[in-house]
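Trainee: Dropping in coords.pdb, with PDB, C-alpha atoms and all ligand atoms.
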```
ATOM      1  CA  MET F   1      74.630  72.437-108.638
ATOM      2  CA  LYS F   2      76.836  69.512-107.542
ATOM      3  CA  ARG F   3      78.205  69.789-104.002
ATOM      4  CA  ILE F   4      81.977  69.554-103.541
ATOM      5  CA  VAL F   5      83.320  69.169 -99.969
ATOM      6  CA  VAL F   6      87.032  69.773 -99.371
ATOM      7  CA  LEU F   7      88.984  68.708 -96.251
ATOM      8  CA  THR F   8      92.254  70.650 -95.897
ATOM      9  CA  GLY F   9      95.248  70.520 -93.559
ATOM     10  CA  ALA F  10      98.532  72.345 -93.049
ATOM     11  CA  GLY F  11      99.866  71.108 -96.400
ATOM     12  CA  ILE F  12      97.681  73.512 -98.424
ATOM     13  CA  SER F  13      99.268  76.478 -96.612
ATOM     14  CA  ALA F  14     102.853  75.163 -96.844
ATOM     15  CA  GLU F  15     103.588  76.922-100.152
ATOM     16  CA  SER F  16     102.380  80.196 -98.593
ATOM     17  CA  GLY F  17     105.251  79.849 -96.111
ATOM     18  CA  LEU F  18     103.333  78.479 -93.090
ATOM     19  CA  ARG F  19     104.994  75.490 -91.483
ATOM     20  CA  THR F  20     103.161  72.192 -91.298
ATOM     21  CA  PHE F  21     103.109  70.206 -88.049
ATOM     22  CA  ARG F  22     104.663  66.857 -88.688
ATOM     23  CA  ASP F  23     106.882  67.375 -91.727
ATOM     24  CA  SER F  24     110.599  67.964 -91.251
ATOM     25  CA  ASN F  25     111.047  71.202 -89.265
ATOM     26  CA  GLY F  26     107.302  70.996 -88.564
ATOM     27  CA  LEU F  27     105.914  73.036 -85.657
ATOM     28  CA  TRP F  28     105.802  69.995 -83.426
ATOM     29  CA  GLU F  29     109.563  69.531 -83.904
ATOM     30  CA  GLU F  30     110.195  72.716 -81.974
ATOM     31  CA  HIS F  31     107.294  72.769 -79.511
ATOM     32  CA  ARG F  32     105.813  69.915 -77.518
ATOM     33  CA  ILE F  33     102.028  69.826 -78.079
ATOM     34  CA  GLU F  34     101.508  69.426 -74.337
ATOM     35  CA  ASP F  35     103.539  72.626 -73.707
ATOM     36  CA  VAL F  36     101.626  74.934 -76.036
ATOM     37  CA  ALA F  37      98.382  73.376 -77.367
ATOM     38  CA  THR F  38      96.494  71.946 -74.358
ATOM     39  CA  TYR F  39      94.359  73.582 -71.661
ATOM     40  CA  GLN F  40      96.768  72.209 -69.054
ATOM     41  CA  ALA F  41      99.596  74.108 -70.794
ATOM     42  CA  TRP F  42      97.490  77.309 -70.590
ATOM     43  CA  GLN F  43      96.929  76.793 -66.854
ATOM     44  CA  ARG F  44     100.630  76.005 -66.333
ATOM     45  CA  ASN F  45     102.280  78.771 -68.388
ATOM     46  CA  GLN F  46      99.963  81.301 -70.075
ATOM     47  CA  GLN F  47     102.836  83.433 -71.415
ATOM     48  CA  LEU F  48     104.425  80.460 -73.251
ATOM     49  CA  VAL F  49     101.076  79.692 -74.945
ATOM     50  CA  LEU F  50     100.405  83.384 -75.726
ATOM     51  CA  ASP F  51     103.888  83.695 -77.314
ATOM     52  CA  PHE F  52     103.379  80.518 -79.395
ATOM     53  CA  TYR F  53     100.128  81.816 -80.940
ATOM     54  CA  ASN F  54     101.278  85.450 -81.144
ATOM     55  CA  GLN F  55     104.259  84.336 -83.266
ATOM     56  CA  ARG F  56     102.017  82.312 -85.623
ATOM     57  CA  ARG F  57      99.508  85.190 -85.800
ATOM     58  CA  LYS F  58     102.293  87.699 -86.594
ATOM     59  CA  GLN F  59     103.536  85.413 -89.402
ATOM     60  CA  LEU F  60      99.982  85.093 -90.773
ATOM     61  CA  TYR F  61      99.997  88.837 -91.540
ATOM     62  CA  GLU F  62     103.165  88.302 -93.620
ATOM     63  CA  VAL F  63     101.894  85.527 -95.929
ATOM     64  CA  ASN F  64      99.280  85.237 -98.703
ATOM     65  CA  PRO F  65      97.025  82.543-100.194
ATOM     66  CA  ASN F  66      98.707  80.371-102.864
ATOM     67  CA  ALA F  67      97.525  78.835-106.146
ATOM     68  CA  GLY F  68      95.926  75.955-104.238
ATOM     69  CA  HIS F  69      93.690  78.267-102.176
ATOM     70  CA  MET F  70      92.885  80.409-105.247
ATOM     71  CA  ALA F  71      91.863  77.409-107.392
ATOM     72  CA  LEU F  72      89.356  76.247-104.747
ATOM     73  CA  ALA F  73      87.735  79.688-104.800
ATOM     74  CA  GLU F  74      87.567  79.470-108.610
ATOM     75  CA  LEU F  75      85.662  76.156-108.341
ATOM     76  CA  GLU F  76      82.655  78.057-106.890
ATOM     77  CA  LYS F  77      81.880  79.314-110.412
ATOM     78  CA  LYS F  78      80.489  75.867-111.289
ATOM     79  CA  TYR F  79      80.018  73.973-107.994
ATOM     80  CA  ASP F  80      78.537  74.402-104.506
ATOM     81  CA  VAL F  81      81.872  74.260-102.637
ATOM     82  CA  HIS F  82      82.222  73.778 -98.865
ATOM     83  CA  ILE F  83      85.680  73.751 -97.239
ATOM     84  CA  ILE F  84      86.260  71.966 -93.918
ATOM     85  CA  THR F  85      89.695  73.058 -92.700
ATOM     86  CA  GLN F  86      91.864  71.961 -89.800
ATOM     87  CA  ASN F  87      93.907  75.125 -90.389
ATOM     88  CA  VAL F  88      93.602  78.090 -88.060
ATOM     89  CA  ASP F  89      94.842  80.516 -90.743
ATOM     90  CA  ASP F  90      92.457  82.655 -92.845
ATOM     91  CA  LEU F  91      94.007  81.941 -96.255
ATOM     92  CA  HIS F  92      90.895  80.206 -97.669
ATOM     93  CA  GLU F  93      88.760  83.255 -96.863
ATOM     94  CA  ARG F  94      91.430  85.626 -98.223
ATOM     95  CA  ALA F  95      91.500  83.586-101.466
ATOM     96  CA  GLY F  96      87.751  84.235-101.829
ATOM     97  CA  SER F  97      86.194  80.973-100.639
ATOM     98  CA  SER F  98      82.663  81.603 -99.331
ATOM     99  CA  ASN F  99      81.957  78.534 -97.190
ATOM    100  CA  VAL F 100      84.832  77.788 -94.814
ATOM    101  CA  LEU F 101      84.240  75.713 -91.656
ATOM    102  CA  HIS F 102      87.139  75.894 -89.171
ATOM    103  CA  LEU F 103      87.236  72.647 -87.165
ATOM    104  CA  HIS F 104      90.108  73.682 -84.892
ATOM    105  CA  GLY F 105      89.504  77.409 -84.457
ATOM    106  CA  GLU F 106      90.880  80.634 -85.941
ATOM    107  CA  LEU F 107      94.139  82.424 -85.120
ATOM    108  CA  LYS F 108      92.689  85.919 -85.669
ATOM    109  CA  LYS F 109      89.933  85.340 -83.089
ATOM    110  CA  VAL F 110      90.130  85.231 -79.292
ATOM    111  CA  ARG F 111      87.567  84.264 -76.693
ATOM    112  CA  SER F 112      86.645  84.599 -73.065
ATOM    113  CA  THR F 113      88.004  82.003 -70.633
ATOM    114  CA  LEU F 114      84.801  82.454 -68.622
ATOM    115  CA  ASP F 115      82.175  82.203 -71.418
ATOM    116  CA  GLU F 116      83.193  80.373 -74.612
ATOM    117  CA  ASN F 117      80.376  82.104 -76.504
ATOM    118  CA  LEU F 118      82.155  85.456 -76.149
ATOM    119  CA  VAL F 119      84.359  85.384 -79.272
ATOM    120  CA  TYR F 120      86.114  88.508 -80.644
ATOM    121  CA  GLU F 121      88.179  89.440 -83.714
ATOM    122  CA  LEU F 122      91.651  90.350 -82.382
ATOM    123  CA  ASP F 123      92.939  93.735 -83.534
ATOM    124  CA  GLY F 124      96.545  93.121 -84.677
ATOM    125  CA  TRP F 125      98.687  90.060 -83.905
ATOM    126  CA  GLU F 126      99.421  90.360 -80.173
ATOM    127  CA  LEU F 127      97.232  88.983 -77.361
ATOM    128  CA  ARG F 128      98.583  89.997 -73.941
ATOM    129  CA  LYS F 129      98.139  88.967 -70.315
ATOM    130  CA  GLY F 130      95.496  91.341 -68.939
ATOM    131  CA  ASP F 131      93.501  91.542 -72.178
ATOM    132  CA  LEU F 132      90.053  90.839 -70.744
ATOM    133  CA  CYS F 133      86.601  89.888 -72.044
ATOM    134  CA  GLU F 134      83.510  91.989 -71.248
ATOM    135  CA  LYS F 135      83.018  89.803 -68.150
ATOM    136  CA  GLY F 136      86.528  90.601 -66.935
ATOM    137  CA  SER F 137      88.170  87.212 -67.695
ATOM    138  CA  GLN F 138      91.528  86.767 -69.472
ATOM    139  CA  LEU F 139      91.126  86.310 -73.225
ATOM    140  CA  ARG F 140      92.563  83.124 -74.746
ATOM    141  CA  PRO F 141      93.229  82.098 -78.390
ATOM    142  CA  HIS F 142      89.991  80.894 -80.119
ATOM    143  CA  ILE F 143      91.657  77.576 -80.873
ATOM    144  CA  VAL F 144      90.647  73.930 -80.201
ATOM    145  CA  TRP F 145      93.459  72.516 -78.105
ATOM    146  CA  PHE F 146      94.229  68.801 -77.772
ATOM    147  CA  GLY F 147      91.818  67.201 -75.311
ATOM    148  CA  GLU F 148      89.191  69.857 -76.018
ATOM    149  CA  ALA F 149      85.889  69.171 -77.751
ATOM    150  CA  VAL F 150      85.531  69.934 -81.467
ATOM    151  CA  PRO F 151      82.156  71.767 -81.562
ATOM    152  CA  MET F 152      81.991  71.980 -85.384
ATOM    153  CA  ILE F 153      82.408  68.230 -85.948
ATOM    154  CA  GLU F 154      78.646  67.597 -86.309
ATOM    155  CA  PRO F 155      78.076  70.054 -89.194
ATOM    156  CA  ALA F 156      81.336  68.754 -90.763
ATOM    157  CA  ILE F 157      80.057  65.167 -90.642
ATOM    158  CA  ALA F 158      76.736  66.235 -92.219
ATOM    159  CA  LEU F 159      78.573  68.050 -95.050
ATOM    160  CA  SER F 160      80.878  65.060 -95.698
ATOM    161  CA  ALA F 161      77.916  62.656 -95.871
ATOM    162  CA  GLU F 162      76.203  64.862 -98.490
ATOM    163  CA  ALA F 163      79.240  65.370-100.761
ATOM    164  CA  ASP F 164      78.912  64.563-104.485
ATOM    165  CA  ILE F 165      82.678  64.953-104.784
ATOM    166  CA  PHE F 166      85.141  64.859-101.822
ATOM    167  CA  ILE F 167      88.657  66.334-102.003
ATOM    168  CA  VAL F 168      91.384  65.831 -99.358
ATOM    169  CA  ILE F 169      94.336  68.251 -99.533
ATOM    170  CA  GLY F 170      97.535  68.409 -97.457
ATOM    171  CA  THR F 171      96.626  66.505 -94.312
ATOM    172  CA  SER F 172      98.363  63.507 -92.703
ATOM    173  CA  LEU F 173      94.969  62.437 -91.269
ATOM    174  CA  ASN F 174      96.593  61.845 -87.874
ATOM    175  CA  VAL F 175      94.315  63.982 -85.705
ATOM    176  CA  TYR F 176      90.820  62.887 -84.629
ATOM    177  CA  PRO F 177      87.899  63.340 -84.983
ATOM    178  CA  ALA F 178      88.904  65.381 -88.120
ATOM    179  CA  ALA F 179      90.554  62.347 -89.771
ATOM    180  CA  SER F 180      87.369  60.289 -89.370
ATOM    181  CA  LEU F 181      85.423  62.564 -91.767
ATOM    182  CA  VAL F 182      86.581  60.576 -94.818
ATOM    183  CA  TYR F 183      84.574  57.631 -93.522
ATOM    184  CA  TYR F 184      81.253  59.534 -93.657
ATOM    185  CA  VAL F 185      81.584  60.007 -97.434
ATOM    186  CA  ARG F 186      79.147  57.906 -99.517
ATOM    187  CA  ASN F 187      80.834  54.924-101.258
ATOM    188  CA  SER F 188      79.571  56.193-104.623
ATOM    189  CA  THR F 189      81.260  59.571-104.106
ATOM    190  CA  PRO F 190      84.566  60.050-105.980
ATOM    191  CA  VAL F 191      87.401  61.046-103.619
ATOM    192  CA  TYR F 192      90.501  62.983-104.713
ATOM    193  CA  LEU F 193      93.660  63.144-102.554
ATOM    194  CA  ILE F 194      96.345  65.797-103.188
ATOM    195  CA  ASP F 195      99.568  65.424-101.176
ATOM    196  CA  PRO F 196     103.202  64.849-102.272
ATOM    197  CA  ASN F 197     103.456  62.085 -99.624
ATOM    198  CA  ALA F 198      99.955  60.712-100.179
ATOM    199  CA  GLU F 199      99.252  57.188 -98.938
ATOM    200  CA  MET F 200      96.174  55.164 -99.855
ATOM    201  CA  ILE F 201      93.372  55.827 -97.296
ATOM    202  CA  GLN F 202      92.369  52.460 -95.782
ATOM    203  CA  GLY F 203      88.837  51.382 -96.684
ATOM    204  CA  LEU F 204      88.235  54.042 -99.362
ATOM    205  CA  LYS F 205      87.502  52.585-102.848
ATOM    206  CA  ASN F 206      86.743  55.328-105.347
ATOM    207  CA  ILE F 207      89.943  57.404-104.788
ATOM    208  CA  THR F 208      92.241  59.249-107.216
ATOM    209  CA  ILE F 209      95.645  60.429-105.951
ATOM    210  CA  PHE F 210      97.587  63.488-107.109
ATOM    211  CA  ARG F 211     100.986  62.829-105.509
ATOM    212  CA  GLU F 212     102.177  66.429-105.802
ATOM    213  CA  PRO F 213     102.082  69.782-103.948
ATOM    214  CA  ALA F 214      98.738  71.615-103.655
ATOM    215  CA  GLY F 215     100.126  74.550-105.643
ATOM    216  CA  THR F 216     100.126  72.421-108.819
ATOM    217  CA  GLY F 217      97.754  69.565-107.903
ATOM    218  CA  VAL F 218      94.711  71.657-106.950
ATOM    219  CA  PRO F 219      94.712  73.843-110.124
ATOM    220  CA  LYS F 220      95.144  70.641-112.196
ATOM    221  CA  LEU F 221      92.132  68.940-110.537
ATOM    222  CA  VAL F 222      90.036  72.140-110.688
ATOM    223  CA  ASN F 223      90.690  72.475-114.444
ATOM    224  CA  GLN F 224      89.566  68.867-114.852
ATOM    225  CA  LEU F 225      86.370  69.451-112.834
ATOM    226  CA  MET F 226      85.556  72.750-114.571
ATOM    227  CA  LYS F 227      85.706  70.936-117.959
ATOM    228  CA  SER F 228      83.737  67.858-116.859
ATOM    229  CA  ASN F 229      79.927  67.971-117.034
TER     230      ASN F 229
HETATM  231  C1  LIG D   1      89.383  65.540 -78.421
HETATM  232  C2  LIG D   1      94.687  73.649 -83.285
HETATM  233  C3  LIG D   1      87.988  64.866 -76.620
HETATM  234  C4  LIG D   1      95.915  73.918 -82.488
HETATM  235  C5  LIG D   1      94.682  71.226 -83.553
HETATM  236  C6  LIG D   1      91.394  58.734 -81.526
HETATM  237  C7  LIG D   1      92.580  58.088 -81.750
HETATM  238  C8  LIG D   1      93.791  58.663 -81.275
HETATM  239  C9  LIG D   1      93.821  59.902 -80.624
HETATM  240  C10 LIG D   1      92.651  60.544 -80.403
HETATM  241  C11 LIG D   1      91.447  59.967 -80.830
HETATM  242  N1  LIG D   1      90.458  60.824 -80.505
HETATM  243  C12 LIG D   1      91.004  61.919 -79.865
HETATM  244  C13 LIG D   1      92.330  61.753 -79.787
HETATM  245  C14 LIG D   1      93.255  62.700 -79.193
HETATM  246  C15 LIG D   1      93.629  63.845 -80.141
HETATM  247  C16 LIG D   1      94.367  63.313 -81.327
HETATM  248  O1  LIG D   1      93.817  63.119 -82.397
HETATM  249  N2  LIG D   1      95.666  63.114 -81.087
HETATM  250  C17 LIG D   1      96.557  62.708 -82.212
HETATM  251  C18 LIG D   1      97.867  63.445 -82.005
HETATM  252  C19 LIG D   1      96.731  61.236 -82.261
HETATM  253  N3  LIG D   1      92.448  64.605 -80.551
HETATM  254  C20 LIG D   1      92.061  65.632 -79.736
HETATM  255  O2  LIG D   1      92.624  65.948 -78.702
HETATM  256  C21 LIG D   1      90.813  66.400 -80.181
HETATM  257  N4  LIG D   1      89.936  66.593 -79.046
HETATM  258  O3  LIG D   1      89.522  64.392 -78.802
HETATM  259  O4  LIG D   1      88.646  65.913 -77.316
HETATM  260  C22 LIG D   1      86.780  65.492 -76.079
HETATM  261  C23 LIG D   1      85.574  65.114 -76.607
HETATM  262  C24 LIG D   1      84.407  65.689 -76.066
HETATM  263  C25 LIG D   1      84.491  66.626 -75.025
HETATM  264  C26 LIG D   1      85.774  67.012 -74.525
HETATM  265  C27 LIG D   1      86.935  66.452 -75.085
HETATM  266  C28 LIG D   1      91.208  67.851 -80.638
HETATM  267  C29 LIG D   1      92.105  67.796 -81.803
HETATM  268  C30 LIG D   1      92.378  69.234 -82.311
HETATM  269  C31 LIG D   1      93.689  69.768 -81.789
HETATM  270  N5  LIG D   1      94.025  71.071 -82.395
HETATM  271  N6  LIG D   1      94.929  72.460 -84.091
HETATM  272  C32 LIG D   1      96.981  74.592 -83.319
HETATM  273  O5  LIG D   1      96.864  74.669 -84.558
HETATM  274  O6  LIG D   1      97.931  75.050 -82.667
HETATM  275  S1  LIG D   1      95.219  69.823 -84.427
HETATM  276  C33 LIG D   1      96.417  70.434 -85.560
HETATM  277  O7  LIG D   1      97.257  69.336 -85.851
HETATM  278  C34 LIG D   1      95.868  70.891 -86.897
HETATM  279  O8  LIG D   1      94.674  71.616 -86.770
HETATM  280  C35 LIG D   1      95.684  69.561 -87.645
HETATM  281  O9  LIG D   1      94.455  68.966 -87.290
HETATM  282  C36 LIG D   1      96.818  68.728 -87.070
HETATM  283  C37 LIG D   1      97.982  68.739 -88.019
HETATM  284  O10 LIG D   1      97.655  67.842 -89.036
HETATM  285  P1  LIG D   1      97.781  68.298 -90.598
HETATM  286  O11 LIG D   1      97.071  69.599 -90.804
HETATM  287  O12 LIG D   1      97.386  67.127 -91.367
HETATM  288  O13 LIG D   1      99.353  68.633 -90.731
HETATM  289  P2  LIG D   1     100.577  67.582 -90.776
HETATM  290  O14 LIG D   1     101.795  68.400 -90.612
HETATM  291  O15 LIG D   1     100.336  66.434 -89.869
HETATM  292  O16 LIG D   1     100.533  66.992 -92.271
HETATM  293  C38 LIG D   1     100.763  67.857 -93.354
HETATM  294  C39 LIG D   1     100.450  67.055 -94.624
HETATM  295  O17 LIG D   1     100.618  67.945 -95.730
HETATM  296  C40 LIG D   1     101.401  65.879 -94.827
HETATM  297  O18 LIG D   1     100.645  64.758 -95.266
HETATM  298  C41 LIG D   1     102.340  66.370 -95.941
HETATM  299  O19 LIG D   1     102.753  65.310 -96.793
HETATM  300  C42 LIG D   1     101.427  67.332 -96.698
HETATM  301  N7  LIG D   1     102.107  68.408 -97.428
HETATM  302  C43 LIG D   1     103.284  69.014 -97.141
HETATM  303  N8  LIG D   1     103.546  70.004 -98.067
HETATM  304  C44 LIG D   1     102.481  69.995 -98.939
HETATM  305  C45 LIG D   1     101.559  68.986 -98.515
HETATM  306  N9  LIG D   1     100.399  68.743 -99.148
HETATM  307  C46 LIG D   1     100.135  69.499-100.267
HETATM  308  N10 LIG D   1     100.971  70.491-100.726
HETATM  309  C47 LIG D   1     102.143  70.758-100.097
HETATM  310  N11 LIG D   1     102.927  71.719-100.563
END
```
What is this structure when it is put down as structure tokens?
Ligand code: BV8

Mentor:
Amino acid sequence: MKRIVVLTGAGISAESGLRTFRDSNGLWEEHRIEDVATYQAWQRNQQLVLDFYNQRRKQLYEVNPNAGHMALAELEKKYDVHIITQNVDDLHERAGSSNVLHLHGELKKVRSTLDENLVYELDGWELRKGDLCEKGSQLRPHIVWFGEAVPMIEPAIALSAEADIFIVIGTSLNVYPAASLVYYVRNSTPVYLIDPNAEMIQGLKNITIFREPAGTGVPKLVNQLMKSN
């Protein structure tokens, strides 16, 4: 079975109603990264950070996967599909995708501030001050903040280097080391890019662009791949 590796960003969840980061009225228009998505912010004002992620978690319970997420799950009928996502939502899993690697964490999980190996599923959307881990430390969102290491980057690099087909969907490729994954793809591997504002990716040869939203572009590409031998 051919291996397809897919790198996704906020754009694939836009049509589900989740805001992207950098587009107009993106999340970063309202919140300064350094106020809500760094460890320093957590040390400075825990409640502000808790509120920021509680709001996004609450919204996640109100939205559903879209045609883009569903089509990727469909692709598993013919291919060995692995998704590497920068998204902290669970819409890929809810669409039925089996192999989802979260590079930047998961909104519905929390972890100990004392022992990062103590990770828990959060019951409901609200994480409060005083919610403690089994070692008595305050629980924090299980999210990779700016300036924090990206533990899953090694397996993501290995997957990208072994891809027979590589698909990039809805990411501005601004954040590293996630954006560097495209450069581990073999030169002989066809790359597909789906984004209404897609720009050519410097240094990549074998690339086909679908300059359209994921909701139409992903089903179109999946149909093509399901027909091709
Ligand atoms: C680290 C969790 C060191 C939080 C996130 C090299 C060069 C420059 C800077 C750096 C560098 N290396 C490191 C840095 C610093 C930094 C970084 O990259 N800064 C950027 C701002 C320049 N990186 C880090 O801090 C990383 N850590 O380096 O640690 C270290 C090393 C070892 C040991 C200790 C420390 C950590 C980065 C991870 C941060 N956490 N998320 C949260 O979610 O709250 S990043 C977050 O922002 C997302 O996860 C995602 O990665 C990024 C947003 O990007 P996108 O998803 O692409 O979204 P965006 O809005 O930008 O674009 C949307 C796209 O969709 C657009 O193209 C649009 O056209 C398209 N679109 C819109 N609608 C649709 C659509 N596409 C399809 N369909 C549609 N309908």

Trainee: Apply the PyMOL selection byres (((not hetatm)) within 6 of (chain D and resi 1)) to the displayed file and report the matching residues as a ChimeraX atom specification.

Mentor: /F:9-12,14-15,20-23,37,86-88,104,143-149,169-177,195-197,213-214

Trainee: Could the residues in this selection be written to a file with C-alpha atoms, as a PDB file, in the frame of the given file?

Mentor:
```pdb
ATOM      1  CA  GLY F   9      95.248  70.520 -93.559  1.00  0.00           C
ATOM      2  CA  ALA F  10      98.532  72.345 -93.049  1.00  0.00           C
ATOM      3  CA  GLY F  11      99.866  71.108 -96.400  1.00  0.00           C
ATOM      4  CA  ILE F  12      97.681  73.512 -98.424  1.00  0.00           C
ATOM      5  CA  ALA F  14     102.853  75.163 -96.844  1.00  0.00           C
ATOM      6  CA  GLU F  15     103.588  76.922-100.152  1.00  0.00           C
ATOM      7  CA  THR F  20     103.161  72.192 -91.298  1.00  0.00           C
ATOM      8  CA  PHE F  21     103.109  70.206 -88.049  1.00  0.00           C
ATOM      9  CA  ARG F  22     104.663  66.857 -88.688  1.00  0.00           C
ATOM     10  CA  ASP F  23     106.882  67.375 -91.727  1.00  0.00           C
ATOM     11  CA  ALA F  37      98.382  73.376 -77.367  1.00  0.00           C
ATOM     12  CA  GLN F  86      91.864  71.961 -89.800  1.00  0.00           C
ATOM     13  CA  ASN F  87      93.907  75.125 -90.389  1.00  0.00           C
ATOM     14  CA  VAL F  88      93.602  78.090 -88.060  1.00  0.00           C
ATOM     15  CA  HIS F 104      90.108  73.682 -84.892  1.00  0.00           C
ATOM     16  CA  ILE F 143      91.657  77.576 -80.873  1.00  0.00           C
ATOM     17  CA  VAL F 144      90.647  73.930 -80.201  1.00  0.00           C
ATOM     18  CA  TRP F 145      93.459  72.516 -78.105  1.00  0.00           C
ATOM     19  CA  PHE F 146      94.229  68.801 -77.772  1.00  0.00           C
ATOM     20  CA  GLY F 147      91.818  67.201 -75.311  1.00  0.00           C
ATOM     21  CA  GLU F 148      89.191  69.857 -76.018  1.00  0.00           C
ATOM     22  CA  ALA F 149      85.889  69.171 -77.751  1.00  0.00           C
ATOM     23  CA  ILE F 169      94.336  68.251 -99.533  1.00  0.00           C
ATOM     24  CA  GLY F 170      97.535  68.409 -97.457  1.00  0.00           C
ATOM     25  CA  THR F 171      96.626  66.505 -94.312  1.00  0.00           C
ATOM     26  CA  SER F 172      98.363  63.507 -92.703  1.00  0.00           C
ATOM     27  CA  LEU F 173      94.969  62.437 -91.269  1.00  0.00           C
ATOM     28  CA  ASN F 174      96.593  61.845 -87.874  1.00  0.00           C
ATOM     29  CA  VAL F 175      94.315  63.982 -85.705  1.00  0.00           C
ATOM     30  CA  TYR F 176      90.820  62.887 -84.629  1.00  0.00           C
ATOM     31  CA  PRO F 177      87.899  63.340 -84.983  1.00  0.00           C
ATOM     32  CA  ASP F 195      99.568  65.424-101.176  1.00  0.00           C
ATOM     33  CA  PRO F 196     103.202  64.849-102.272  1.00  0.00           C
ATOM     34  CA  ASN F 197     103.456  62.085 -99.624  1.00  0.00           C
ATOM     35  CA  PRO F 213     102.082  69.782-103.948  1.00  0.00           C
ATOM     36  CA  ALA F 214      98.738  71.615-103.655  1.00  0.00           C
TER      37      ALA F 214
END
```

Trainee: How far is it from CA of Thr113 in chain F to CA of Asp131 in chain F, in Å with one decimal?

Mentor: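 Calculated distance between CA of Thr113 in chain F and CA of Asp131 in chain F is 11.1 Å.
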
Trainee: Would you pick out the contacts of Asp51 in chain F at 9 Å or less, using only C-alpha atoms, so that residues sharing its chain but fewer than 6 positions from it are not included, and give the list as a list in words?

Mentor: Glu126, Leu127 and Arg128 of chain F

Trainee: With distances taken over all atoms listed in the file, which residue among F:Leu48, F:Leu114, F:Val222, F:Met200 lies nearest Ile4 in chain F?

Mentor: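 Looking at the shortest contact to Ile4 in chain F, the residue is F:Val222.
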
Trainee: What is the distance between CA of His69 in chain F and CA of Pro155 in chain F, in Å to one decimal?

Mentor: 21.9 Å

Trainee: Step by step: start from the point (92.7, 82.3, -88.6) in the file's coordinates, keep every protein, DNA or RNA residue that has an atom no farther than 10 Å from it, count all atoms listed in the file, and write the set as JSON, numbers by chain.

Mentor: {"F": [56, 57, 60, 87, 88, 89, 90, 91, 92, 93, 102, 104, 105, 106, 107, 108, 109, 121, 142, 143]}

Trainee: Could you state the separation of CA of Gly68 in chain F and CA of Leu204 in chain F in Å, given to one decimal place?

Mentor: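 Spanning CA of Gly68 in chain F to CA of Leu204 in chain F is a straight-line distance of 23.7 Å.
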
Trainee: Written as a list of chain:residue names, which residues does the PyMOL selection byres (((chain F and resi 5) around 6) and not hetatm) give for the file shown?

Mentor: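 Written out, the selection comes to F:Ile4, F:Val6, F:Val81, F:His82, F:Ile83, F:Ala163, F:Phe166.
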
Trainee: Pick from F:Arg140, F:Lys77, F:Lys129, F:Arg94: nearest to Asn223 in chain F, with all atoms listed in the file counted?

Mentor: F:Lys77

Trainee: Enclose the full set of atoms of range 180-183 of chain F listed in the file within a box whose edges lie along x, y and z, apply 3 Å of padding to each of the six sides, and report centre and edge lengths in Å to one decimal as JSON.

Mentor:
```
{"center_x": 86.0, "center_y": 60.1, "center_z": -92.1, "size_x": 8.8, "size_y": 10.9, "size_z": 11.4}
```

Trainee: Would you mind telling me which residue in F:Leu50, F:Leu101, F:Leu7, F:Leu18 lies nearest to Trp125 in chain F when using all atoms listed in the file?

Mentor: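 Answer, going by the shortest atom-to-atom distance: F:Leu50.
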
Trainee: If I put a ball of radius 10 Å at (105.1, 80.6, -96.7) in the file's coordinates, which residues poke into it when counting all atoms listed in the file, written as number ranges by chain?

Mentor: F: 13-19, 59-60, 62-66
